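Undergrad: Below is a structure I'd like to ask you about.
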Amino acid sequence: MAGKGLSAPLHLLPLLLILVGILPVAQGSGYLSGYRQRSRLQRDRQSRNIRPNIILILTDDQDIELGSMQAMNKTRQILEKGGTHFSNAFSTTPMCCPSRSTILTGKYVHNHHTYTNNENCSSPSWQAHHEPHTFAVHLNNSGYRTAFFGKYLNEYNGSYVPPGWKEWVALVKNSRFYNYTLCRNGVREKHSSDYPKDYLTDIITNDSINYFRMSKKMYPHRPVMMVLSHVAPHGPEDSAPQYSSAFPNASQHITPSYNYAPNQDKHWILRYTGPMKPVHMQFTNMLQRRRMQTLLSVDDSVEKVYNMLMETGELDNTYLIYTSDHGYHIGQFGLVKGKSMPYEFDIRVPFYVRGPNVEQGATNPHIVLNVDLAPTLLDMAGVDIPAEMDGKSILKLLDTDRPVNRFQLTRKAKTWRDSFLVERGKPLHKRPDGKEMAQEENFLPKYQRVKDLCQKAEYQTSCQQPGQKWQCVEDPTGKLRLYKCKGMASLYAPRMQALMARGASNLSPTLNSETCNCADVGFKTSVMKRKKLLTKKKIKSGKTVSRKRWARSVSFELDGDLYAVDLEEGYQPLGSTNSSWARDMTGAERNEEDTEEFSGMGVTAKPTTSNKLTTPAALKVTYRCSILMNDTVKCDGGLYKSLQAWKDHKLHIEHEIETLQTKIKNLREVKGHLKKVRPEECQCDTPSYLFENKDTFRLNAGRVHSLRMPSKQKSQWLQKEQKRRKKLRKFLKRLQNNDTCSMPGLTCFTHDNHHWQTPPFWTMGPFCACTSANNNTYWCLRTINDTHNFLFCEFATGFLEYFDLNTDPYQLINAVSTLDRNALNSMHQQLMDLRGCKGHKQCNPEKGGKERNYFSEYRPVHRRKRPKVKKPSSKSLGQIWEGWVG
C-alpha cells in the first residue's frame, strides 16, 4: 500500500512540472508576443549577449547624383557588395550645420532650431537644450565607448568637449585639410601644411584606428561607437599629393541640368542666374576633378578601417554606416557651385550599411533620411529610442525577412514612410495679426533691377505716355538708368520754372510758430502727404522699382502735385554751364565754396536770374575731385602725379566717410527719438474751446511714448534696428575688404589663382559668382511610392514649384500649372502637417499593405513637354490658401 501511495505522486510529477511551466508562460505571454515582434537582428544579438560595435563614416558635401561614388571603388566593394545600398537616401536640409544637428539629435530643423550655418549653430542655446540629448549621450550612458574624429559643427569654437564623448578630436570651425586647429579632449592642437603630419583625412583615419585597437585591448567586452567625420570633398578641396593628377577628364557633373539657365519658371535665384561664362565652366571641371581627388583618401580610409576590423576579429560584430550630410551641385541650372537647393542633386546622399545579418549586395528602395541616423544607432545598440526623436530606426528594413516556415512563401509588406519634409532657411517673422510675413521676391542688385525694368515697353519711350512715371535712358558709358518723369522732366515744366522764380523763401513753411497756423491751407507743407509718400515707399520696397530720393529738401503740395525743392546751400554743382549761379554769387562766397570740404551727392533745382534751369556739368564731391555727368570721376592733376598727395587725399576721404557714418548714426538716433515724442497734429477744424485748457490734454513724453510705442511694437522696432545695423556692418566690412563681388541679398564668392594651395592649380585668373539668395527659404514635400514620384515646394516668397520625376527626372520644367486646385490644397495641407510635426509618429506618414489612394488627386490635369508656367484662373479652379503665388 505504501508503495502504491508513493507511485501516484511519481506518476503525477511530470504533469505537475508541465503545469508549473505553463503558468509563467501564460503570465508572460505579452512579453513573448512583444519579443516575437522584435527584429531577428535583435534576437540574435541578445542570444549571444554581445552588443555590436558601430562606426559611422560621414563625409561633407558629397553628392551621389553627380557621380562622386565612381571615385570610391574600395568603398563600393566593401559596403555595396558586402552590405546594403539604400537607393533613396536623402538629407532633410541641404546645409552643413542644420543637417549635422539633425544627425546628432534625430530631429527636424524646425525642432532643433539650427536653421542655417550661423543661426543657432553650436550656440549657447544649442549647447543647453539639444547637445545634452544627442545619440552620443544615450550610448555613453549605456556603456559604449564613444569617440568623435573630424568636423563637428561649422561654428564649434573648440572651447569645450560636448557631453557623451569619451574621446574627442574635433575640428575647430569649418572644413580645412591643412592649417587648421583641433580640439583634442579639451586641448587645442594646431596643425600646419606638412602632408605626413597634418593632412586631416589621414589624421582622422589613424586616430580612430588607434583608439579602436586601444579600447579593445583595455576593455575587450565593451562595445565601441565611433564617428569618422571627414571634411572631404568640401572646399578647399586639397587632395593628397599622390592623387593630385587623378581624373584629368572628370565630367560626371555634366548632367542634363548642367548650365540649363535661365529658368524663368523656377524660384527667384534661378530666374536671376543666367548661363555660365566659359571661365565658370572651366572652373566647374576643375572643381569636380579636385573633389573626386579628395575622396580617394576617404576611400583609403574606409579600406584601412575594414582591414583593422578584420585583424581584430570584430568585423562580423560591427555595423559600418557610410553617408554624407547632404549633396552638392556643380553647374546645375547655371549655379557654379553650392548646395541649399531642394533638388535631387542637393538632397540625395550616398547611404550604405554593412553589419551583422545585413543582406549583402542588396539595394533597398525605401526612403531613408538623415533624421533616421540617431534612432538607428540607438536601436543597433539596444537602447530605447526617445519619443521626441522625429526619425525612425531602419533596422527592420535591414532584416532579410526570411520565411519563418516552409508554408510562408511570401514576405510581408513593410510599413514605412513614402513622404518626408525638406526644409531650409529661417522661419518667417509674424505680423501683429499672427500671419507670416512673406520674404521679398526680388533682391536683385540695383543695376540688374534697372536692366530688367528697361526691357518693358512702358519704360522705353520718352515721358510722353499718359500716366508714365519712369523712363529708361542710356548714359554715355552704356549703363541704363531709370529716371522719374515727374522728377526730371517736370523740373523744366513752366509751372516749376515759375515756381522757382518766386524764390525759396516763399516755399519755406513756418516752423518756429508754437500755435497752429491754419491760414495757408491751400499751400502748405503737407505732413499727411509726406506720410503717405513714405508709406508708399515702404510698400514699393518689395517691388523692383528703382527709387531716387531728394536729399536735404522739403516736400510741398501745389494743385494736387507733390514737389521737392532743395533748401540747402552745401550741395552746389560746378561748371561753366551753370554760370548764372556763379554770377549771382559774390567773390567771397565763391572762394568759400572752392575751399569747402564736403562729401555727398545731390543736384536739385535752384533759382536763377534768367528763370531757366541748366544741367550742371560736374558735381563737386571733395575739394579736389568731382563727378562728371557721364559718371566719371575727375580730380585735379596733382593727385595723378604725386603719390604722397594721392595717399593724403585717400586718407581724407576715409576720414570723411567715417565722419559721415557717425553723423548718419547720430541722425538716426535723433530721428528715432522724434518718432517717439511726436506731438499731436493741429486740428484746424476743431472748435477752439476744446483747447482752451491745454494742460488737460497734454501728456508727458513718457506717457506719449507708452501710448505710441507698446512693448510688442517696441520689440519689433528693435528687431528692425538690429537688422539694419547688421546690414550696415556687413556693408562696411565689404568696403574695408574692397569686396566688389558681394551683393545685397545674394551669397557670392570670389576665386583667383591663389585660392588653391595644392595642385592642380587654377591659372585662369579671378572671377565672381553668386550661388544663393537670402530669400531661398522653402518647405518641400518629397513623395516616392509605387505610383508617384514628385517634389512639391512652397517658397517663403509665395512661389510654388512642382516636379514629376517620373517624366522629368532632372527637374527641368516646373509643372505646377498642370495641377488643379484640389491637388495643390491637398499637398499644401500635408506639407503644413509636416512643418509642425514633432516625434516619429507625426513626422513619418506611412504606407503599408493598403496603398493610400488620395495620391491619385496629385496627378496632373494634362501633361506637356514644356508647360507654360501660368497663374491658374481663380474662377475655374476655386479657392486656394492665402499667400499662393503662381
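Labels used: A, B, ... for chains in the order of the C-alpha cells, numbers from 1 for residues in each chain, and numbers from 1 for ligands as shown.
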Could you give me, as a list in words, the residues within 7 Å of A:Arg354, counting only C-alpha atoms and dropping anything in the same chain fewer than 5 positions from it?
TA: Leu79, Gly82, Gly83, Thr84, Tyr319, Leu320 and Ile321 of chain A
Undergrad: Pick out the residues sitting within 12 Å of A:His85, and hand them over as an NGL selection string; count only C-alpha atoms, and ignore anything fewer than 4 positions along from it in its own chain.
TA: :A and (75-81 or 89 or 320-323 or 349-354 or 358-368 or 397-398)
Undergrad: Those same residues - N, CA, C and O atoms - I'd like them written as a compact mmCIF listing (two decimals), in the first residue's frame.
TA:
# COMPACT_ATOMS: atom_id res chain seq x y z
N THR A 75 35.43 51.50 -51.40
CA THR A 75 34.25 51.66 -50.54
C THR A 75 33.06 50.91 -51.10
O THR A 75 32.31 50.24 -50.36
N ARG A 76 32.87 50.97 -52.39
CA ARG A 76 31.75 50.25 -53.01
C ARG A 76 31.94 48.75 -52.89
O ARG A 76 30.97 48.01 -52.70
N GLN A 77 33.16 48.29 -53.00
CA GLN A 77 33.41 46.85 -52.87
C GLN A 77 33.12 46.38 -51.44
O GLN A 77 32.53 45.31 -51.23
N ILE A 78 33.49 47.19 -50.46
CA ILE A 78 33.33 46.78 -49.06
C ILE A 78 31.89 46.94 -48.59
O ILE A 78 31.33 46.04 -47.93
N LEU A 79 31.26 48.07 -48.94
CA LEU A 79 29.95 48.39 -48.37
C LEU A 79 28.79 48.07 -49.29
O LEU A 79 27.71 47.70 -48.82
N GLU A 80 28.97 48.26 -50.60
CA GLU A 80 27.87 47.99 -51.52
C GLU A 80 27.73 46.49 -51.78
O GLU A 80 26.63 45.93 -51.68
N LYS A 81 28.84 45.84 -52.09
CA LYS A 81 28.79 44.40 -52.31
C LYS A 81 28.76 43.62 -51.01
O LYS A 81 28.21 42.52 -50.97
N ALA A 89 18.11 57.61 -50.34
CA ALA A 89 18.57 58.25 -49.10
C ALA A 89 18.63 59.75 -49.33
O ALA A 89 19.14 60.21 -50.35
N LEU A 320 28.94 49.05 -40.02
CA LEU A 320 29.62 50.13 -40.75
C LEU A 320 28.57 50.90 -41.53
O LEU A 320 27.84 50.33 -42.35
N ILE A 321 28.46 52.20 -41.29
CA ILE A 321 27.49 53.06 -41.98
C ILE A 321 28.26 54.17 -42.68
O ILE A 321 29.11 54.83 -42.08
N TYR A 322 27.96 54.35 -43.96
CA TYR A 322 28.62 55.39 -44.74
C TYR A 322 27.57 56.29 -45.36
O TYR A 322 26.65 55.81 -46.05
N THR A 323 27.70 57.61 -45.14
CA THR A 323 26.76 58.57 -45.72
C THR A 323 27.39 59.96 -45.73
O THR A 323 28.54 60.14 -45.32
N VAL A 349 21.81 61.62 -51.01
CA VAL A 349 23.13 61.33 -50.44
C VAL A 349 23.42 59.83 -50.59
O VAL A 349 22.50 59.01 -50.70
N PRO A 350 24.70 59.45 -50.60
CA PRO A 350 25.03 58.03 -50.55
C PRO A 350 24.71 57.45 -49.17
O PRO A 350 24.86 58.15 -48.16
N PHE A 351 24.27 56.21 -49.12
CA PHE A 351 23.93 55.59 -47.83
C PHE A 351 24.15 54.08 -47.96
O PHE A 351 23.43 53.40 -48.69
N TYR A 352 25.15 53.58 -47.22
CA TYR A 352 25.49 52.16 -47.23
C TYR A 352 25.56 51.66 -45.79
O TYR A 352 26.03 52.37 -44.90
N VAL A 353 25.12 50.42 -45.59
CA VAL A 353 25.18 49.79 -44.27
C VAL A 353 25.72 48.38 -44.43
O VAL A 353 25.27 47.62 -45.31
N ARG A 354 26.67 48.03 -43.58
CA ARG A 354 27.20 46.67 -43.52
C ARG A 354 27.27 46.28 -42.06
O ARG A 354 27.64 47.08 -41.21
N VAL A 358 23.05 41.83 -42.04
CA VAL A 358 22.64 42.76 -43.09
C VAL A 358 22.87 42.07 -44.43
O VAL A 358 23.94 41.52 -44.69
N GLU A 359 21.85 42.08 -45.26
CA GLU A 359 21.93 41.39 -46.54
C GLU A 359 23.02 42.01 -47.42
O GLU A 359 23.11 43.23 -47.54
N GLN A 360 23.84 41.17 -48.01
CA GLN A 360 24.96 41.64 -48.82
C GLN A 360 24.56 41.77 -50.29
O GLN A 360 23.79 40.97 -50.81
N GLY A 361 25.08 42.82 -50.90
CA GLY A 361 24.83 43.04 -52.31
C GLY A 361 23.41 43.45 -52.64
O GLY A 361 22.99 43.32 -53.79
N ALA A 362 22.66 43.93 -51.66
CA ALA A 362 21.25 44.28 -51.86
C ALA A 362 21.10 45.78 -52.06
O ALA A 362 21.92 46.58 -51.60
N THR A 363 20.05 46.14 -52.76
CA THR A 363 19.65 47.54 -52.94
C THR A 363 18.27 47.71 -52.36
O THR A 363 17.33 47.04 -52.77
N ASN A 364 18.14 48.61 -51.40
CA ASN A 364 16.88 48.83 -50.70
C ASN A 364 16.26 50.13 -51.18
O ASN A 364 16.88 51.19 -51.10
N PRO A 365 15.01 50.09 -51.70
CA PRO A 365 14.40 51.30 -52.25
C PRO A 365 13.65 52.16 -51.24
O PRO A 365 13.11 53.20 -51.61
N HIS A 366 13.57 51.77 -49.98
CA HIS A 366 12.83 52.55 -49.00
C HIS A 366 13.51 53.90 -48.73
O HIS A 366 14.73 54.03 -48.85
N ILE A 367 12.70 54.88 -48.36
CA ILE A 367 13.21 56.22 -48.09
C ILE A 367 13.92 56.23 -46.74
O ILE A 367 13.34 55.86 -45.70
N VAL A 368 15.19 56.63 -46.76
CA VAL A 368 15.99 56.75 -45.54
C VAL A 368 16.48 58.19 -45.45
O VAL A 368 16.94 58.76 -46.45
N LEU A 397 14.23 47.51 -41.83
CA LEU A 397 14.46 47.48 -43.27
C LEU A 397 15.67 46.62 -43.62
O LEU A 397 15.78 46.13 -44.75
N LEU A 398 16.60 46.49 -42.67
CA LEU A 398 17.78 45.66 -42.90
C LEU A 398 17.50 44.18 -42.68
O LEU A 398 18.26 43.33 -43.15
Undergrad: Just want the 6 Å neighbourhood of A:Pro94, counted on only C-alpha atoms, with same-chain residues fewer than 5 positions away dropped. Output as a list of chain:residue names.
TA: A:His326, A:Ser340, A:Asp346, A:Ile347
Undergrad: With N, CA, C and O atoms retained, export the selected residues as a PDB file, in the first residue's frame.
TA:
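So the final result, stored in again-v6.pdb, reads:
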ATOM      1  N   HIS A 326      24.816  66.033 -46.888  1.00  0.00           N
ATOM      2  CA  HIS A 326      23.907  66.464 -47.962  1.00  0.00           C
ATOM      3  C   HIS A 326      24.648  66.346 -49.281  1.00  0.00           C
ATOM      4  O   HIS A 326      25.829  65.973 -49.318  1.00  0.00           O
ATOM      5  N   SER A 340      22.120  73.797 -50.789  1.00  0.00           N
ATOM      6  CA  SER A 340      20.971  74.538 -50.247  1.00  0.00           C
ATOM      7  C   SER A 340      19.772  74.602 -51.174  1.00  0.00           C
ATOM      8  O   SER A 340      18.815  75.306 -50.878  1.00  0.00           O
ATOM      9  N   ASP A 346      21.079  68.076 -54.547  1.00  0.00           N
ATOM     10  CA  ASP A 346      21.466  68.607 -53.235  1.00  0.00           C
ATOM     11  C   ASP A 346      20.914  67.802 -52.068  1.00  0.00           C
ATOM     12  O   ASP A 346      21.488  67.848 -50.971  1.00  0.00           O
ATOM     13  N   ILE A 347      19.814  67.098 -52.241  1.00  0.00           N
ATOM     14  CA  ILE A 347      19.213  66.392 -51.105  1.00  0.00           C
ATOM     15  C   ILE A 347      19.495  64.891 -51.121  1.00  0.00           C
ATOM     16  O   ILE A 347      19.398  64.243 -50.078  1.00  0.00           O
TER      17      ILE A 347
END
Undergrad: What lies within 7 Å of stretch 294-300 of chain A using only C-alpha atoms, ignoring chain neighbours under 5 positions off, as a list of chain:residue names?
TA: A:Ala71, A:Met72, A:Lys74, A:Thr75, A:Thr201, A:Ala232, A:Pro233, A:Glu237, A:Asp238, A:Ser239, A:Ala240
Undergrad: For A:Pro278, list every protein, DNA or RNA residue within 12 Å, evaluated using only C-alpha atoms, and leave out those in the same chain fewer than 2 positions away; present the list as a list in words.
TA: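 Counting only C-alpha atoms, the residues come to Asn259, Pro275, Met276, His280, Met281, Gln282, Phe283, Thr284, Asn285, Gly331, Gly334, Val336, Met764 and Phe767 of chain A.
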Undergrad: Would you write out those residues with N, CA, C and O atoms, as a compact mmCIF listing (two decimals), in the first residue's frame?
TA:
# COMPACT_ATOMS: atom_id res chain seq x y z
N ASN A 259 24.25 73.81 -66.68
CA ASN A 259 24.17 75.08 -67.41
C ASN A 259 22.82 75.28 -68.08
O ASN A 259 22.71 75.95 -69.11
N PRO A 275 23.17 81.78 -68.01
CA PRO A 275 24.16 80.75 -68.38
C PRO A 275 25.55 81.11 -67.87
O PRO A 275 25.91 82.28 -67.77
N MET A 276 26.32 80.08 -67.59
CA MET A 276 27.67 80.30 -67.09
C MET A 276 28.58 80.81 -68.22
O MET A 276 28.39 80.48 -69.39
N HIS A 280 33.60 80.13 -65.89
CA HIS A 280 32.84 79.38 -64.89
C HIS A 280 32.79 77.89 -65.25
O HIS A 280 32.90 77.03 -64.37
N MET A 281 32.61 77.59 -66.52
CA MET A 281 32.55 76.20 -66.94
C MET A 281 33.89 75.50 -66.75
O MET A 281 33.95 74.34 -66.34
N GLN A 282 34.99 76.21 -67.03
CA GLN A 282 36.30 75.64 -66.77
C GLN A 282 36.50 75.39 -65.27
O GLN A 282 37.09 74.39 -64.87
N PHE A 283 35.97 76.30 -64.46
CA PHE A 283 36.09 76.13 -63.02
C PHE A 283 35.31 74.90 -62.55
O PHE A 283 35.80 74.16 -61.68
N THR A 284 34.12 74.67 -63.08
CA THR A 284 33.35 73.50 -62.65
C THR A 284 34.08 72.21 -62.99
O THR A 284 34.05 71.24 -62.21
N ASN A 285 34.75 72.16 -64.13
CA ASN A 285 35.51 70.96 -64.48
C ASN A 285 36.66 70.73 -63.51
O ASN A 285 36.90 69.60 -63.06
N GLY A 331 27.37 73.49 -61.41
CA GLY A 331 26.93 73.97 -62.71
C GLY A 331 25.48 73.68 -63.03
O GLY A 331 24.98 74.14 -64.07
N GLY A 334 22.91 76.51 -64.03
CA GLY A 334 23.75 77.69 -64.13
C GLY A 334 24.41 78.11 -62.83
O GLY A 334 25.19 79.06 -62.83
N VAL A 336 27.18 77.93 -60.27
CA VAL A 336 28.55 77.44 -60.43
C VAL A 336 28.88 76.34 -59.44
O VAL A 336 29.44 75.31 -59.80
N MET A 764 43.46 80.62 -64.47
CA MET A 764 42.67 81.43 -65.41
C MET A 764 42.22 82.75 -64.82
O MET A 764 41.35 83.42 -65.37
N PHE A 767 37.49 85.50 -60.72
CA PHE A 767 36.12 85.67 -61.19
C PHE A 767 35.20 85.69 -59.98
O PHE A 767 35.60 85.34 -58.86
Undergrad: Excluding stretch 627-639 of chain A and residues on its chain fewer than 5 positions from it, collect all residues at most 6 Å away from it, counting only C-alpha atoms, and give them as a PyMOL selection string.
TA: chain A and resi 476+617-619+645-646
Undergrad: Produce a file of the selected residues containing C-alpha atoms, as an mmCIF file, in the first residue's frame.
TA:
data_model
loop_
_atom_site.group_PDB
_atom_site.id
_atom_site.type_symbol
_atom_site.label_atom_id
_atom_site.label_comp_id
_atom_site.auth_asym_id
_atom_site.auth_seq_id
_atom_site.Cartn_x
_atom_site.Cartn_y
_atom_site.Cartn_z
ATOM 1 C CA PRO A 476 27.451 107.778 -72.389
ATOM 2 C CA ALA A 617 28.440 119.787 -65.891
ATOM 3 C CA ALA A 618 30.036 118.376 -62.747
ATOM 4 C CA LEU A 619 29.279 117.662 -59.136
ATOM 5 C CA ALA A 645 49.138 113.715 -52.435
ATOM 6 C CA TRP A 646 47.215 110.613 -53.507
#
Undergrad: Residues of stretch 54-208 of chain A in strand (DSSP E or B) according to DSSP, as an NGL selection string?
TA: :A and (54-59 or 84-90 or 145-151 or 167-171 or 181-184 or 187-190)
Undergrad: Would you output that residue set with N, CA, C and O atoms, as a compact mmCIF listing (two decimals), in the first residue's frame?
TA:
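Resulting contents of again23.txt:
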# COMPACT_ATOMS: atom_id res chain seq x y z
N ILE A 54 29.77 50.06 -33.51
CA ILE A 54 29.13 50.90 -34.52
C ILE A 54 30.13 51.94 -34.99
O ILE A 54 30.74 52.65 -34.17
N ILE A 55 30.33 52.03 -36.30
CA ILE A 55 31.23 53.02 -36.90
C ILE A 55 30.46 53.77 -37.96
O ILE A 55 30.00 53.18 -38.95
N LEU A 56 30.30 55.07 -37.75
CA LEU A 56 29.63 55.95 -38.70
C LEU A 56 30.68 56.77 -39.44
O LEU A 56 31.45 57.51 -38.81
N ILE A 57 30.74 56.61 -40.75
CA ILE A 57 31.67 57.38 -41.59
C ILE A 57 30.85 58.43 -42.33
O ILE A 57 29.97 58.10 -43.13
N LEU A 58 31.15 59.69 -42.04
CA LEU A 58 30.37 60.80 -42.57
C LEU A 58 31.27 61.70 -43.42
O LEU A 58 32.35 62.10 -42.98
N THR A 59 30.83 62.00 -44.64
CA THR A 59 31.56 62.94 -45.49
C THR A 59 30.82 64.28 -45.53
O THR A 59 29.69 64.40 -45.07
N THR A 84 24.26 46.64 -47.73
CA THR A 84 23.04 47.09 -48.40
C THR A 84 23.19 48.55 -48.79
O THR A 84 23.64 49.38 -47.98
N HIS A 85 22.80 48.85 -50.01
CA HIS A 85 22.80 50.22 -50.51
C HIS A 85 21.37 50.74 -50.53
O HIS A 85 20.49 50.13 -51.14
N PHE A 86 21.11 51.85 -49.85
CA PHE A 86 19.80 52.49 -49.86
C PHE A 86 19.78 53.50 -51.00
O PHE A 86 20.46 54.53 -50.95
N SER A 87 18.99 53.18 -52.02
CA SER A 87 18.99 54.00 -53.24
C SER A 87 18.17 55.27 -53.11
O SER A 87 18.26 56.15 -53.97
N ASN A 88 17.36 55.38 -52.06
CA ASN A 88 16.55 56.59 -51.84
C ASN A 88 16.88 57.18 -50.48
O ASN A 88 16.04 57.23 -49.58
N ALA A 89 18.11 57.61 -50.34
CA ALA A 89 18.57 58.25 -49.10
C ALA A 89 18.63 59.75 -49.33
O ALA A 89 19.14 60.21 -50.35
N PHE A 90 18.13 60.52 -48.34
CA PHE A 90 18.01 61.97 -48.51
C PHE A 90 18.46 62.69 -47.24
O PHE A 90 18.43 62.13 -46.13
N ARG A 145 31.84 52.87 -25.50
CA ARG A 145 32.99 53.77 -25.52
C ARG A 145 32.87 54.62 -26.80
O ARG A 145 33.11 54.14 -27.91
N THR A 146 32.47 55.87 -26.62
CA THR A 146 32.15 56.74 -27.75
C THR A 146 33.36 57.60 -28.11
O THR A 146 34.11 58.04 -27.24
N ALA A 147 33.51 57.85 -29.42
CA ALA A 147 34.64 58.66 -29.89
C ALA A 147 34.21 59.42 -31.14
O ALA A 147 33.46 58.90 -31.98
N PHE A 148 34.71 60.65 -31.24
CA PHE A 148 34.41 61.50 -32.40
C PHE A 148 35.71 62.02 -32.97
O PHE A 148 36.57 62.52 -32.24
N PHE A 149 35.83 61.93 -34.31
CA PHE A 149 37.02 62.40 -35.01
C PHE A 149 36.59 63.20 -36.25
O PHE A 149 35.85 62.70 -37.09
N GLY A 150 37.04 64.46 -36.35
CA GLY A 150 36.80 65.23 -37.56
C GLY A 150 35.92 66.45 -37.34
O GLY A 150 35.87 67.04 -36.26
N LYS A 151 35.20 66.81 -38.40
CA LYS A 151 34.38 68.02 -38.39
C LYS A 151 33.12 67.80 -37.56
O LYS A 151 32.40 66.83 -37.77
N GLU A 167 36.23 60.00 -26.18
CA GLU A 167 37.38 60.51 -26.94
C GLU A 167 36.88 61.59 -27.89
O GLU A 167 35.90 61.39 -28.62
N TRP A 168 37.59 62.73 -27.90
CA TRP A 168 37.11 63.89 -28.67
C TRP A 168 38.28 64.52 -29.41
O TRP A 168 39.19 65.10 -28.83
N VAL A 169 38.26 64.39 -30.75
CA VAL A 169 39.26 65.02 -31.61
C VAL A 169 38.49 65.72 -32.72
O VAL A 169 38.24 65.14 -33.78
N ALA A 170 38.12 66.97 -32.49
CA ALA A 170 37.19 67.67 -33.39
C ALA A 170 37.84 68.90 -33.99
O ALA A 170 38.67 69.58 -33.36
N LEU A 171 37.45 69.18 -35.24
CA LEU A 171 37.94 70.34 -35.96
C LEU A 171 37.27 71.60 -35.42
O LEU A 171 36.06 71.64 -35.22
N THR A 181 42.95 73.86 -36.69
CA THR A 181 43.12 73.63 -35.26
C THR A 181 42.15 72.55 -34.82
O THR A 181 40.98 72.57 -35.19
N LEU A 182 42.65 71.61 -34.03
CA LEU A 182 41.83 70.55 -33.46
C LEU A 182 41.65 70.79 -31.97
O LEU A 182 42.53 71.34 -31.31
N CYS A 183 40.51 70.36 -31.46
CA CYS A 183 40.31 70.29 -30.01
C CYS A 183 40.43 68.83 -29.63
O CYS A 183 39.54 68.02 -29.89
N ARG A 184 41.58 68.47 -29.03
CA ARG A 184 41.83 67.08 -28.63
C ARG A 184 41.58 66.94 -27.14
O ARG A 184 42.40 67.31 -26.31
N VAL A 187 42.02 70.20 -25.35
CA VAL A 187 43.28 70.93 -25.57
C VAL A 187 43.37 71.27 -27.06
O VAL A 187 43.23 70.40 -27.92
N ARG A 188 43.63 72.53 -27.35
CA ARG A 188 43.73 72.98 -28.73
C ARG A 188 45.07 72.53 -29.32
O ARG A 188 46.12 72.67 -28.69
N GLU A 189 44.99 72.05 -30.55
CA GLU A 189 46.17 71.49 -31.21
C GLU A 189 46.25 72.06 -32.62
O GLU A 189 45.38 71.79 -33.45
N LYS A 190 47.27 72.84 -32.90
CA LYS A 190 47.40 73.48 -34.20
C LYS A 190 48.19 72.61 -35.17
O LYS A 190 49.14 71.93 -34.78
Undergrad: Using only C-alpha atoms, pick whichever of A:Ala387, A:Leu228, A:Ile784, A:Leu395 has the shortest atom-to-atom distance to A:Lys414.
TA: A:Leu395
Undergrad: Which of these residues is nearest to A:Phe792, using only C-alpha atoms: A:Gln332, A:Ser175, A:Gln830, A:Thr771?
TA: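 Among the listed residues, A:Gln830 lies closest to A:Phe792.
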Undergrad: When distances are computed from only C-alpha atoms, which of A:Gln264, A:Leu335, A:Trp756, A:Leu812 shows the smallest separation from A:Tyr178?
TA: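 Under the stated criterion, the closest residue is A:Trp756.
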